[in-house]
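Novice: I have a structure here, written as structure tokens, and I will follow up with some questions on it.
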Amino acid sequence: TIKKLQRIGLKTVLVANLILMALIFGVLLNAYANQEFNFSGPKPEAMASVIYDNCFKEQKGSCYKKEFTEITKDEGLVFAVKTLYAMQDLDPLTRHCHVLAHEIARTETLKKPSKWQKLLDKVDLSQCGGGFFHGVLEAHTGSDPDFKITTESIKEICIGERTDEKDFRVRTCSHILGHLTMIETLGQIEPALPICAGLSDVLAYNCYNGVFMEDSFKPSLAVHGLAELPVRDKPRLERQRARCFNYTGLQAAACWTDMAEIFIELYDYDAAITYKLCNEAPEEQ
């Protein structure tokens with residue numbers, strides 16, 4: 001009887017161990033499939049250190065952009081994003097990561113342009129000022145010669161089957177497509193505004209703001225060789241502020257919202273000066 005019980009106990013232990021090993025193997029396999037780690041490849045922290053060393057004596061902005069483009073091509077989106085976050089512990093400059101996130105997502109999208117919508121749902125909209133989301137949309141608009149940004153295409157991409165137009169994703173999507181509309185109009189504001197005008201007030205405001213912000217900062221126009229990045233000085237502030245007096249209603253509100261970043265940046269984040277300048281807007285809204 002004792003031997004029988006010992007045999008039963010041994011079998012129970014063996015079965016339990018097999019189940020445990022199967023569970024561990026399943027977890028490892030799932031993590032590997034989702035690129036949470038790579039047993040044989042480079043680690044994000046190590047790659048971040050290599051990039052930091054490579055770009056230490058270079059023009060960091062352009063060097064980082066080149067490095068992350070290559071990493072995304074070779075290792076994919078997940079690894080590139082983890083490397084970017086690891087970089088932020090080494091160089092605080094990369095915490096302003098909109099441009100790098102934009103380049104990573106743009107590079108990943110161009111690998112399989114037809115999969116852009118799946119990638120749009122995959123990227124984290126809350127990170128890097130929407131840079132990943134922005135990169136996917138720009139890559140799509142540039143790689144599909146038949147695609148045009150219209151009122152209807154903004155509704156289709158940004159809203160789809162969603163019912164809440166105040167949703168953060170929906171508003172950000174409309175804002176980014178406002179930026180990209182300026183590429184199609186070759187940097188001209190007036191032809192871009194009617195595209196936004198056909199949207200609901202919530203989406204129109206965010207779309208207008210994207211148009212005015214692109215006019216002020218030109219990130220997408222510069223990437224496409226349609227403009228140079230602006231010198232962020234007092235004359236530029238005066239030009240952009242004078243522009244806002246040409247508009248009323250939602251368009252004026254969107255234009256003055258764009259001015260807030262220009263004010264606060266030029267005056268070294270002085271809140272009192274910024275509030276004073278913002279309150280020079282002619283309409284309370």
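Identifiers for the structure tokens are assigned positionally: chains receive A, B, ... in sequence, residues are indexed from 1 per chain, and ligands are indexed from 1 in the order shown.
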Which residues of region 102-151 of chain A have any atom within 12 Å of an atom in region 223-240 of chain A when counting only C-alpha atoms, and what is the closest pair of atoms for each, with the distance in Å to one decimal? Order the rows by chain and rising number and write it as a Markdown table.

Specialist:
```
| residue | atom | partner | partner_atom | distance |
| --- | --- | --- | --- | --- |
| A:His102 | CA | A:Val223 | CA | 10.8 |
| A:Glu103 | CA | A:Val223 | CA | 10.1 |
| A:Arg106 | CA | A:Val223 | CA | 11.5 |
| A:Gly135 | CA | A:Val223 | CA | 11.3 |
| A:Glu138 | CA | A:Val223 | CA | 10.2 |
| A:Ala139 | CA | A:His224 | CA | 11.2 |
| A:Thr141 | CA | A:His224 | CA | 11.8 |
| A:Gly142 | CA | A:His224 | CA | 9.4 |
```

Novice: Would you write out those residues with C-alpha atoms, as a compact mmCIF listing (two decimals), in the first residue's frame?

Specialist:
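Result file follows (result_20.txt):
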```txt
# COMPACT_ATOMS: atom_id res chain seq x y z
CA HIS A 102 7.05 59.87 -36.45
CA GLU A 103 10.07 58.43 -38.28
CA ARG A 106 6.62 56.03 -41.01
CA GLY A 135 3.93 58.77 -38.92
CA GLU A 138 1.87 60.48 -43.37
CA ALA A 139 3.39 57.31 -44.80
CA THR A 141 -0.83 59.61 -47.69
CA GLY A 142 2.59 59.63 -49.37
```

Novice: Using only C-alpha atoms, which protein or nucleic acid residues come within 12 Å of Val211 (chain A)? Drop anything in the same chain fewer than 2 positions from it, and give the result as a ChimeraX atom specification.

Specialist: /A:174-197,204-209,213-221,251-252,254-255,257-258

Novice: Of the residues A:Phe68, A:Tyr275, A:Tyr267, A:Glu280, which is the one nearest to Phe245 (chain A), using only C-alpha atoms?

Specialist: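 That would be A:Glu280, the residue with the smallest distance to Phe245 (chain A).
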
Novice: Could you please determine the separation between CA of Arg95 (chain A) and CA of Lys112 (chain A) in Å, to one decimal place?

Specialist: 27.8 Å

Novice: Choose the residue, out of A:Val99, A:Val81, A:Leu90, A:Cys158, that has the smallest atom-to-atom separation from Gln117 (chain A); count only C-alpha atoms.

Specialist: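 Looking only at the distances to Gln117 (chain A), the closest residue turns out to be A:Cys158.
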
Novice: Using only C-alpha atoms, which of A:Phe133, A:Tyr85, A:Phe79, A:Tyr64 sits nearest Ala105 (chain A)?

Specialist: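 Checking each of A:Phe133, A:Tyr85, A:Phe79, A:Tyr64 against Ala105 (chain A), counting only C-alpha atoms, the winner is A:Phe133.
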
Novice: Run DSSP on the backbone and tell me which residues of region 53-118 of chain A come out as alpha helix (DSSP H); list them as a ChimeraX atom specification.

Specialist: /A:53-55,60-75,77-90,98-111,116-118

Novice: Counting only C-alpha atoms, which of A:Cys55, A:Met259, A:Val170, A:Ala242 gets nearest to Phe212 (chain A)?

Specialist: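 Distance minimum relative to Phe212 (chain A) lands on A:Met259.
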
Novice: Please report the interatomic distance between CA of Arg162 (chain A) and CA of Asp144 (chain A) in Å with one decimal.

Specialist: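 Here the two named atoms are 24.5 Å from each other.
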
Novice: Quick one: residues within 12 Å of Gln88 (chain A), only C-alpha atoms counted, chain neighbours fewer than 3 positions away excluded, as a ChimeraX atom specification?

Specialist: /A:44-45,48-49,51-52,64,81-85,91-97,100,128

Novice: Based on the selection just made, write N, CA, C and O atoms of those residues as a JSON list (two decimals), in the first residue's frame.

Specialist:
```json
[["chain", "number", "residue", "atom", "x", "y", "z"],
["A", 44, "PRO", "N", 17.10, 46.15, -26.27],
["A", 44, "PRO", "CA", 16.85, 47.59, -26.46],
["A", 44, "PRO", "C", 17.81, 48.48, -25.69],
["A", 44, "PRO", "O", 18.29, 49.48, -26.21],
["A", 45, "GLU", "N", 18.10, 48.12, -24.44],
["A", 45, "GLU", "CA", 18.99, 48.95, -23.62],
["A", 45, "GLU", "C", 20.39, 49.00, -24.21],
["A", 45, "GLU", "O", 21.03, 50.06, -24.24],
["A", 48, "ALA", "N", 20.29, 51.13, -27.37],
["A", 48, "ALA", "CA", 20.21, 52.55, -27.02],
["A", 48, "ALA", "C", 21.59, 53.10, -26.68],
["A", 48, "ALA", "O", 21.96, 54.20, -27.07],
["A", 49, "SER", "N", 22.37, 52.31, -25.96],
["A", 49, "SER", "CA", 23.72, 52.72, -25.59],
["A", 49, "SER", "C", 24.60, 52.88, -26.82],
["A", 49, "SER", "O", 25.39, 53.83, -26.92],
["A", 51, "ILE", "N", 23.58, 53.60, -29.89],
["A", 51, "ILE", "CA", 23.13, 54.80, -30.61],
["A", 51, "ILE", "C", 23.65, 56.05, -29.93],
["A", 51, "ILE", "O", 24.12, 56.99, -30.59],
["A", 52, "TYR", "N", 23.58, 56.06, -28.61],
["A", 52, "TYR", "CA", 24.06, 57.23, -27.86],
["A", 52, "TYR", "C", 25.54, 57.47, -28.15],
["A", 52, "TYR", "O", 25.96, 58.61, -28.39],
["A", 64, "TYR", "N", 20.13, 60.64, -34.64],
["A", 64, "TYR", "CA", 19.14, 59.78, -34.02],
["A", 64, "TYR", "C", 18.08, 59.33, -35.04],
["A", 64, "TYR", "O", 17.66, 58.18, -35.07],
["A", 81, "VAL", "N", 10.61, 50.98, -30.71],
["A", 81, "VAL", "CA", 9.92, 51.77, -29.69],
["A", 81, "VAL", "C", 10.56, 51.54, -28.32],
["A", 81, "VAL", "O", 10.79, 52.50, -27.56],
["A", 82, "LYS", "N", 10.86, 50.28, -27.98],
["A", 82, "LYS", "CA", 11.49, 49.99, -26.70],
["A", 82, "LYS", "C", 12.88, 50.63, -26.62],
["A", 82, "LYS", "O", 13.31, 51.08, -25.55],
["A", 83, "THR", "N", 13.59, 50.66, -27.74],
["A", 83, "THR", "CA", 14.91, 51.30, -27.77],
["A", 83, "THR", "C", 14.78, 52.80, -27.56],
["A", 83, "THR", "O", 15.58, 53.41, -26.85],
["A", 84, "LEU", "N", 13.75, 53.39, -28.15],
["A", 84, "LEU", "CA", 13.51, 54.82, -27.97],
["A", 84, "LEU", "C", 13.26, 55.15, -26.50],
["A", 84, "LEU", "O", 13.81, 56.11, -25.96],
["A", 85, "TYR", "N", 12.44, 54.34, -25.84],
["A", 85, "TYR", "CA", 12.16, 54.58, -24.43],
["A", 85, "TYR", "C", 13.42, 54.39, -23.58],
["A", 85, "TYR", "O", 13.64, 55.11, -22.60],
["A", 91, "ASP", "N", 19.59, 60.12, -22.72],
["A", 91, "ASP", "CA", 19.63, 61.48, -23.26],
["A", 91, "ASP", "C", 18.24, 62.11, -23.12],
["A", 91, "ASP", "O", 17.32, 61.76, -23.86],
["A", 92, "PRO", "N", 18.09, 63.07, -22.21],
["A", 92, "PRO", "CA", 16.78, 63.73, -22.01],
["A", 92, "PRO", "C", 16.24, 64.37, -23.30],
["A", 92, "PRO", "O", 15.04, 64.57, -23.42],
["A", 93, "LEU", "N", 17.12, 64.69, -24.25],
["A", 93, "LEU", "CA", 16.68, 65.27, -25.52],
["A", 93, "LEU", "C", 15.64, 64.38, -26.21],
["A", 93, "LEU", "O", 14.70, 64.87, -26.84],
["A", 94, "THR", "N", 15.80, 63.07, -26.06],
["A", 94, "THR", "CA", 14.90, 62.15, -26.75],
["A", 94, "THR", "C", 13.55, 62.00, -26.06],
["A", 94, "THR", "O", 12.67, 61.30, -26.56],
["A", 95, "ARG", "N", 13.35, 62.68, -24.93],
["A", 95, "ARG", "CA", 12.03, 62.68, -24.31],
["A", 95, "ARG", "C", 11.07, 63.56, -25.12],
["A", 95, "ARG", "O", 9.85, 63.41, -25.02],
["A", 96, "HIS", "N", 11.62, 64.48, -25.89],
["A", 96, "HIS", "CA", 10.83, 65.22, -26.88],
["A", 96, "HIS", "C", 10.83, 64.36, -28.15],
["A", 96, "HIS", "O", 11.57, 64.62, -29.10],
["A", 97, "CYS", "N", 10.00, 63.33, -28.14],
["A", 97, "CYS", "CA", 10.20, 62.22, -29.09],
["A", 97, "CYS", "C", 9.24, 62.21, -30.27],
["A", 97, "CYS", "O", 9.16, 61.22, -31.00],
["A", 100, "LEU", "N", 11.06, 61.52, -33.67],
["A", 100, "LEU", "CA", 11.60, 60.16, -33.76],
["A", 100, "LEU", "C", 10.46, 59.13, -33.85],
["A", 100, "LEU", "O", 10.55, 58.16, -34.61],
["A", 128, "CYS", "N", 4.54, 60.33, -27.17],
["A", 128, "CYS", "CA", 5.33, 61.20, -28.05],
["A", 128, "CYS", "C", 4.44, 62.18, -28.83],
["A", 128, "CYS", "O", 4.67, 62.43, -30.03]]
```

Novice: For region 71-73 of chain A, please output as JSON, numbers by chain all residues within 8 Å (counting only C-alpha atoms; exclusion window: fewer than 4 positions along the same chain).

Specialist: {"A": [67, 77, 79, 80, 104, 107, 108, 111]}
